[in-house]
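Listing of target_35.cif, mmCIF, C-alpha atoms
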data_data
loop_
_atom_site.label_atom_id
_atom_site.label_comp_id
_atom_site.auth_asym_id
_atom_site.auth_seq_id
_atom_site.Cartn_x
_atom_site.Cartn_y
_atom_site.Cartn_z
CA MET H 8 0.00 0.00 0.00
CA GLU H 9 1.83 3.07 -1.24
CA SER H 10 1.01 6.64 -0.46
CA PRO H 11 0.34 9.12 -3.31
CA SER H 12 3.99 10.24 -3.10
CA GLY H 13 5.14 6.68 -3.85
CA ARG H 14 6.62 6.24 -0.39
CA ILE H 15 5.53 3.65 2.12
CA PRO H 16 4.77 5.22 5.51
CA TRP H 17 6.67 3.82 8.48
CA GLN H 18 3.37 2.89 10.15
CA SER H 19 2.81 0.42 7.32
CA LEU H 20 6.16 -1.18 8.10
CA LEU H 21 5.12 -1.64 11.71
CA LEU H 22 1.87 -3.27 10.60
CA ALA H 23 3.81 -5.62 8.34
CA VAL H 24 6.11 -6.59 11.21
CA SER H 25 3.08 -7.34 13.37
CA LEU H 26 1.73 -9.62 10.65
CA LEU H 27 5.11 -11.34 10.28
CA THR H 28 4.98 -12.25 13.95
CA PHE H 29 2.25 -14.73 13.05
CA TRP H 30 3.22 -15.65 9.49
CA SER H 31 6.59 -15.98 7.81
CA PRO H 32 6.46 -17.07 4.17
CA PRO H 33 9.19 -19.29 2.72
CA THR H 34 12.02 -17.33 1.18
CA ALA H 35 14.50 -17.96 -1.60
CA ALA H 36 17.01 -15.35 -0.43
CA GLN H 37 19.24 -16.23 2.48
CA LEU H 38 19.12 -13.18 4.72
CA THR H 39 21.92 -13.42 7.29
CA VAL H 40 23.35 -11.28 10.06
CA VAL H 41 27.11 -11.67 10.60
CA LEU H 42 28.07 -12.52 14.18
CA THR H 43 30.10 -9.70 15.68
CA SER H 44 32.49 -9.25 18.61
CA ALA H 45 33.67 -5.90 19.93
CA ALA H 46 35.53 -4.48 22.90
CA GLU H 47 33.50 -2.45 25.37
CA GLY H 48 33.54 1.25 24.43
CA THR H 49 34.14 0.65 20.72
CA ASP H 50 31.65 0.65 17.84
CA ALA H 51 30.16 -2.60 16.52
CA LEU H 52 28.37 -3.34 13.25
CA LEU H 53 25.87 -6.13 12.75
CA LEU H 54 26.43 -6.60 9.02
CA VAL H 55 23.60 -7.91 6.84
CA HIS H 56 24.02 -10.13 3.76
CA GLY H 57 21.55 -11.62 1.30
CA GLN H 58 18.97 -8.86 1.31
CA PRO H 59 15.94 -9.72 -0.83
CA GLU H 60 14.92 -7.52 -3.76
CA PHE H 61 12.23 -4.85 -3.71
CA LEU H 62 12.60 -3.88 -0.07
CA ALA H 63 10.49 -1.26 1.67
CA GLY H 64 12.48 -1.23 4.89
CA TYR H 65 14.00 -2.93 7.89
CA VAL H 66 13.08 -3.39 11.53
CA TRP H 67 15.60 -4.42 14.23
CA PHE H 68 14.68 -6.06 17.54
CA LYS H 69 16.67 -6.89 20.68
CA GLY H 70 16.41 -10.65 21.24
CA GLU H 71 15.59 -13.66 19.12
CA SER H 72 11.94 -12.84 18.46
CA VAL H 73 9.85 -10.19 16.75
CA ASP H 74 8.29 -8.38 19.71
CA SER H 75 7.16 -4.77 19.31
CA SER H 76 8.14 -3.99 22.92
CA ARG H 77 11.73 -5.00 22.03
CA GLN H 78 11.96 -2.98 18.81
CA ILE H 79 15.14 -0.94 18.45
CA ALA H 80 14.23 0.98 15.33
CA SER H 81 12.79 0.76 11.84
CA TYR H 82 14.19 2.16 8.62
CA VAL H 83 12.11 3.22 5.58
CA ILE H 84 14.27 2.91 2.48
CA ASP H 85 12.43 5.31 0.11
CA ALA H 86 12.24 8.08 2.71
CA GLN H 87 15.72 7.27 4.12
CA GLU H 88 14.23 7.70 7.59
CA MET H 89 14.95 5.85 10.79
CA HIS H 90 12.21 5.68 13.43
CA PRO H 91 13.19 4.75 17.00
CA GLY H 92 11.41 1.99 18.91
CA PRO H 93 10.93 1.35 22.63
CA VAL H 94 14.47 0.04 23.27
CA TYR H 95 16.31 2.60 21.11
CA SER H 96 19.20 4.11 23.09
CA SER H 97 20.34 6.76 20.56
CA ARG H 98 23.55 4.78 20.02
CA GLU H 99 22.08 2.72 17.17
CA THR H 100 21.97 3.57 13.47
CA ILE H 101 20.36 1.52 10.70
CA TYR H 102 22.01 1.86 7.30
CA PRO H 103 20.20 1.62 3.92
CA ASN H 104 21.58 -1.94 3.49
CA GLY H 105 19.96 -2.98 6.81
CA SER H 106 23.16 -3.19 8.85
CA LEU H 107 22.92 -1.99 12.45
CA LEU H 108 25.69 0.13 13.97
CA PHE H 109 26.14 0.39 17.74
CA GLN H 110 28.26 3.25 19.00
CA ASN H 111 30.18 2.90 22.26
CA VAL H 112 28.99 -0.65 23.04
CA THR H 113 28.56 -1.82 26.61
CA LEU H 114 28.50 -5.29 28.13
CA GLY H 115 24.71 -4.92 28.29
CA ASP H 116 24.61 -4.85 24.48
CA THR H 117 25.76 -8.49 24.37
CA GLY H 118 23.03 -10.73 23.02
CA TYR H 119 20.92 -11.68 20.07
CA TYR H 120 19.37 -9.23 17.61
CA THR H 121 16.67 -9.97 15.05
CA LEU H 122 16.25 -8.21 11.73
CA VAL H 123 13.07 -8.24 9.64
CA ALA H 124 13.58 -7.12 6.03
CA ILE H 125 10.18 -6.07 4.68
CA LYS H 126 9.47 -6.25 0.97
CA ARG H 127 7.16 -3.87 -0.87
CA ASN H 128 4.49 -6.60 -1.00
CA PHE H 129 4.72 -6.76 2.84
CA GLN H 130 6.28 -10.20 2.85
CA GLY H 131 9.43 -10.34 4.88
CA ASP H 132 12.57 -12.23 5.68
CA ARG H 133 13.92 -12.63 9.18
CA ALA H 134 17.43 -13.29 10.45
CA THR H 135 19.00 -13.31 13.89
CA GLY H 136 22.59 -12.50 14.75
CA ARG H 137 24.65 -12.22 17.90
CA LEU H 138 26.74 -9.40 19.29
CA HIS H 139 29.39 -10.30 21.86
CA VAL H 140 30.93 -7.44 23.85
CA TYR H 141 34.05 -8.22 25.89
#

Would you mind writing the file out in structure tokens?
Amino acid sequence: MESPSGRIPWQSLLLAVSLLTFWSPPTAAQLTVVLTSAAEGTDALLLVHGQPEFLAGYVWFKGESVDSSRQIASYVIDAQEMHPGPVYSSRETIYPNGSLLFQNVTLGDTGYYTLVAIKRNFQGDRATGRLHVY
């Protein structure tokens, strides 16, 4: 569902993520998040590979599940806008390729992170990666 300007509003991305919580279609692309280690106080990048075509945006979550209360942020590709979620700390940045940058990581950042890549038809791919801070 596109707006008259041709952009997909970020609220539509959130709706799509909610739907993906209950239904995840089979995918041909192999979306992956590269496991990352970083020293406390440095920056860390959760790098994404295998993005599907025709993407509308990305949504990152803290943990291994898609839970709106654990959403870090969403990114709308056409608008090049990032929208913070409930667990956003202002140290995270989502790039247009879906990768997630953490600035000045802490030991509390150690854990799993889940990415949902949402296509323009509101189907999505999901991948989980791990960040280890030492």

Check which residues satisfy the PyMOL selection byres ((chain H and resi 133-141) around 9) in the file shown, then give them as a PDB file with C-alpha atoms, in the frame of the given file.
ATOM      1  CA  LEU H  27       5.110 -11.340  10.280  1.00  0.00           C
ATOM      2  CA  SER H  31       6.590 -15.980   7.810  1.00  0.00           C
ATOM      3  CA  GLN H  37      19.240 -16.230   2.480  1.00  0.00           C
ATOM      4  CA  LEU H  38      19.120 -13.180   4.720  1.00  0.00           C
ATOM      5  CA  THR H  39      21.920 -13.420   7.290  1.00  0.00           C
ATOM      6  CA  VAL H  40      23.350 -11.280  10.060  1.00  0.00           C
ATOM      7  CA  VAL H  41      27.110 -11.670  10.600  1.00  0.00           C
ATOM      8  CA  LEU H  42      28.070 -12.520  14.180  1.00  0.00           C
ATOM      9  CA  THR H  43      30.100  -9.700  15.680  1.00  0.00           C
ATOM     10  CA  SER H  44      32.490  -9.250  18.610  1.00  0.00           C
ATOM     11  CA  ALA H  45      33.670  -5.900  19.930  1.00  0.00           C
ATOM     12  CA  ALA H  46      35.530  -4.480  22.900  1.00  0.00           C
ATOM     13  CA  GLU H  47      33.500  -2.450  25.370  1.00  0.00           C
ATOM     14  CA  ALA H  51      30.160  -2.600  16.520  1.00  0.00           C
ATOM     15  CA  LEU H  52      28.370  -3.340  13.250  1.00  0.00           C
ATOM     16  CA  LEU H  53      25.870  -6.130  12.750  1.00  0.00           C
ATOM     17  CA  VAL H  55      23.600  -7.910   6.840  1.00  0.00           C
ATOM     18  CA  GLY H  70      16.410 -10.650  21.240  1.00  0.00           C
ATOM     19  CA  GLU H  71      15.590 -13.660  19.120  1.00  0.00           C
ATOM     20  CA  SER H  72      11.940 -12.840  18.460  1.00  0.00           C
ATOM     21  CA  VAL H  73       9.850 -10.190  16.750  1.00  0.00           C
ATOM     22  CA  VAL H 112      28.990  -0.650  23.040  1.00  0.00           C
ATOM     23  CA  THR H 113      28.560  -1.820  26.610  1.00  0.00           C
ATOM     24  CA  LEU H 114      28.500  -5.290  28.130  1.00  0.00           C
ATOM     25  CA  GLY H 115      24.710  -4.920  28.290  1.00  0.00           C
ATOM     26  CA  ASP H 116      24.610  -4.850  24.480  1.00  0.00           C
ATOM     27  CA  THR H 117      25.760  -8.490  24.370  1.00  0.00           C
ATOM     28  CA  GLY H 118      23.030 -10.730  23.020  1.00  0.00           C
ATOM     29  CA  TYR H 119      20.920 -11.680  20.070  1.00  0.00           C
ATOM     30  CA  TYR H 120      19.370  -9.230  17.610  1.00  0.00           C
ATOM     31  CA  THR H 121      16.670  -9.970  15.050  1.00  0.00           C
ATOM     32  CA  LEU H 122      16.250  -8.210  11.730  1.00  0.00           C
ATOM     33  CA  VAL H 123      13.070  -8.240   9.640  1.00  0.00           C
ATOM     34  CA  ALA H 124      13.580  -7.120   6.030  1.00  0.00           C
ATOM     35  CA  ILE H 125      10.180  -6.070   4.680  1.00  0.00           C
ATOM     36  CA  GLY H 131       9.430 -10.340   4.880  1.00  0.00           C
ATOM     37  CA  ASP H 132      12.570 -12.230   5.680  1.00  0.00           C
TER      38      ASP H 132
END

Using only C-alpha atoms, determine which residues lie at most 9 Å from H:Arg98, disregarding the query and same-chain residues fewer than 4 positions distant; provide the list as a CSV table (one decimal) with C-alpha atoms, in the frame of the given file.
chain,number,residue,atom,x,y,z
H,108,LEU,CA,25.7,0.1,14.0
H,109,PHE,CA,26.1,0.4,17.7
H,110,GLN,CA,28.3,3.2,19.0
H,111,ASN,CA,30.2,2.9,22.3
H,112,VAL,CA,29.0,-0.6,23.0

Nearest to H:Glu88: which of H:Gln58, H:Thr100, H:Thr49, H:Ser76 is it, counting only C-alpha atoms?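 Under the stated criterion, the closest residue is H:Thr100.
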
When you count only C-alpha atoms, which of these residues is closest to H:Asn128: H:Leu54, H:Ala80, H:Ala63, H:Leu107?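 For H:Asn128, the nearest of the candidates is H:Ala63.
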
Have a look at atom CA of H:Ser81 and atom CA of H:Glu60 and let me know their distance in Å, one decimal.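 Computing it gives 17.8 Å between the two atoms.
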
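Note that the spacing between atom CA of H:Leu62 and atom CA of H:Ser96 amounts to 25.4 Å.
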
Report, in Å with one decimal, the straight-line distance from atom CA of H:Lys126 to atom CA of H:Met89. 16.5 Å

Around all the atoms of stretch 66-71 of chain H listed in the file, with 8 Å of room on each side, what axis-aligned box do you get, giving centre and edge lengths in Å to one decimal, as lines of an AutoDock Vina configuration file?
center_x = 14.9
center_y = -8.5
center_z = 16.4
size_x = 19.6
size_y = 26.3
size_z = 25.7

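For the residues H:Asp50, H:Trp67, H:Gln130, H:Gln78, ranking by smallest atom-to-atom distance to H:Gly92 using all atoms listed in the file places H:Gln78 first.
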
Between H:Gly48, H:Ile101, H:Pro59, H:Gly64, which residue has the minimum interatomic distance to H:Ile79, considering all atoms listed in the file? H:Ile101

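Distances to H:Pro103 were evaluated for H:Pro91, H:Ser75, H:Tyr65, H:His56 using all atoms listed in the file, and the minimum falls at H:Tyr65.
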
When you get a chance, write out all heavy atoms for stretch 125-136 of chain H, as a short mmCIF file (atom, residue, chain, number, x, y, z; two decimals), in the coordinates of the input.
data_model
loop_
_atom_site.label_atom_id
_atom_site.label_comp_id
_atom_site.auth_asym_id
_atom_site.auth_seq_id
_atom_site.Cartn_x
_atom_site.Cartn_y
_atom_site.Cartn_z
N ILE H 125 11.55 -6.08 5.18
CA ILE H 125 10.18 -6.07 4.68
C ILE H 125 10.16 -5.66 3.21
O ILE H 125 10.65 -4.59 2.85
CB ILE H 125 9.30 -5.11 5.51
CG1 ILE H 125 9.33 -5.56 6.97
CG2 ILE H 125 7.88 -5.08 4.97
CD1 ILE H 125 8.73 -4.57 7.91
N LYS H 126 9.58 -6.52 2.40
CA LYS H 126 9.47 -6.25 0.97
C LYS H 126 8.28 -5.33 0.70
O LYS H 126 7.41 -5.16 1.54
CB LYS H 126 9.28 -7.57 0.21
CG LYS H 126 10.44 -8.53 0.37
CD LYS H 126 10.13 -9.83 -0.31
CE LYS H 126 11.15 -10.89 0.05
NZ LYS H 126 10.81 -12.20 -0.53
N ARG H 127 8.25 -4.78 -0.49
CA ARG H 127 7.16 -3.87 -0.87
C ARG H 127 5.79 -4.55 -0.88
O ARG H 127 4.77 -3.89 -0.74
CB ARG H 127 7.43 -3.23 -2.22
CG ARG H 127 8.62 -2.29 -2.16
CD ARG H 127 8.79 -1.54 -3.46
NE ARG H 127 9.98 -0.72 -3.38
CZ ARG H 127 10.03 0.46 -2.79
NH1 ARG H 127 8.96 0.95 -2.22
NH2 ARG H 127 11.16 1.14 -2.75
N ASN H 128 5.75 -5.86 -1.04
CA ASN H 128 4.49 -6.60 -1.00
C ASN H 128 4.15 -7.03 0.43
O ASN H 128 3.25 -7.83 0.64
CB ASN H 128 4.52 -7.79 -1.94
CG ASN H 128 5.55 -8.82 -1.54
OD1 ASN H 128 6.22 -8.71 -0.51
ND2 ASN H 128 5.70 -9.84 -2.37
N PHE H 129 4.89 -6.52 1.40
CA PHE H 129 4.72 -6.76 2.84
C PHE H 129 5.06 -8.17 3.27
O PHE H 129 4.78 -8.56 4.39
CB PHE H 129 3.33 -6.35 3.33
CG PHE H 129 3.11 -4.87 3.22
CD1 PHE H 129 2.23 -4.36 2.29
CD2 PHE H 129 3.82 -3.98 4.01
CE1 PHE H 129 2.04 -2.99 2.18
CE2 PHE H 129 3.64 -2.61 3.90
CZ PHE H 129 2.74 -2.13 2.99
N GLN H 130 5.67 -8.95 2.41
CA GLN H 130 6.28 -10.20 2.85
C GLN H 130 7.62 -9.83 3.45
O GLN H 130 8.16 -8.76 3.15
CB GLN H 130 6.45 -11.16 1.69
CG GLN H 130 5.15 -11.70 1.14
CD GLN H 130 5.37 -12.69 0.03
OE1 GLN H 130 6.49 -12.93 -0.41
NE2 GLN H 130 4.29 -13.29 -0.43
N GLY H 131 8.16 -10.69 4.26
CA GLY H 131 9.43 -10.34 4.88
C GLY H 131 10.32 -11.54 5.14
O GLY H 131 9.86 -12.67 5.17
N ASP H 132 11.58 -11.24 5.30
CA ASP H 132 12.57 -12.23 5.68
C ASP H 132 13.09 -11.86 7.06
O ASP H 132 13.21 -10.68 7.38
CB ASP H 132 13.74 -12.24 4.69
CG ASP H 132 13.36 -12.78 3.33
OD1 ASP H 132 12.25 -13.33 3.19
OD2 ASP H 132 14.17 -12.66 2.40
N ARG H 133 13.43 -12.87 7.82
CA ARG H 133 13.92 -12.63 9.18
C ARG H 133 15.23 -13.34 9.39
O ARG H 133 15.43 -14.46 8.90
CB ARG H 133 12.87 -13.12 10.17
CG ARG H 133 13.27 -12.91 11.60
CD ARG H 133 12.14 -13.08 12.55
NE ARG H 133 11.53 -14.39 12.50
CZ ARG H 133 10.52 -14.76 13.29
NH1 ARG H 133 10.03 -13.93 14.17
NH2 ARG H 133 10.02 -15.96 13.19
N ALA H 134 16.14 -12.69 10.11
CA ALA H 134 17.43 -13.29 10.45
C ALA H 134 17.83 -12.81 11.84
O ALA H 134 17.49 -11.69 12.23
CB ALA H 134 18.50 -12.91 9.43
N THR H 135 18.54 -13.66 12.55
CA THR H 135 19.00 -13.31 13.89
C THR H 135 20.52 -13.44 13.93
O THR H 135 21.09 -14.38 13.38
CB THR H 135 18.36 -14.24 14.95
OG1 THR H 135 16.94 -14.06 14.89
CG2 THR H 135 18.85 -13.92 16.34
N GLY H 136 21.15 -12.48 14.57
CA GLY H 136 22.59 -12.50 14.75
C GLY H 136 22.93 -12.22 16.20
O GLY H 136 22.08 -11.85 17.00
#
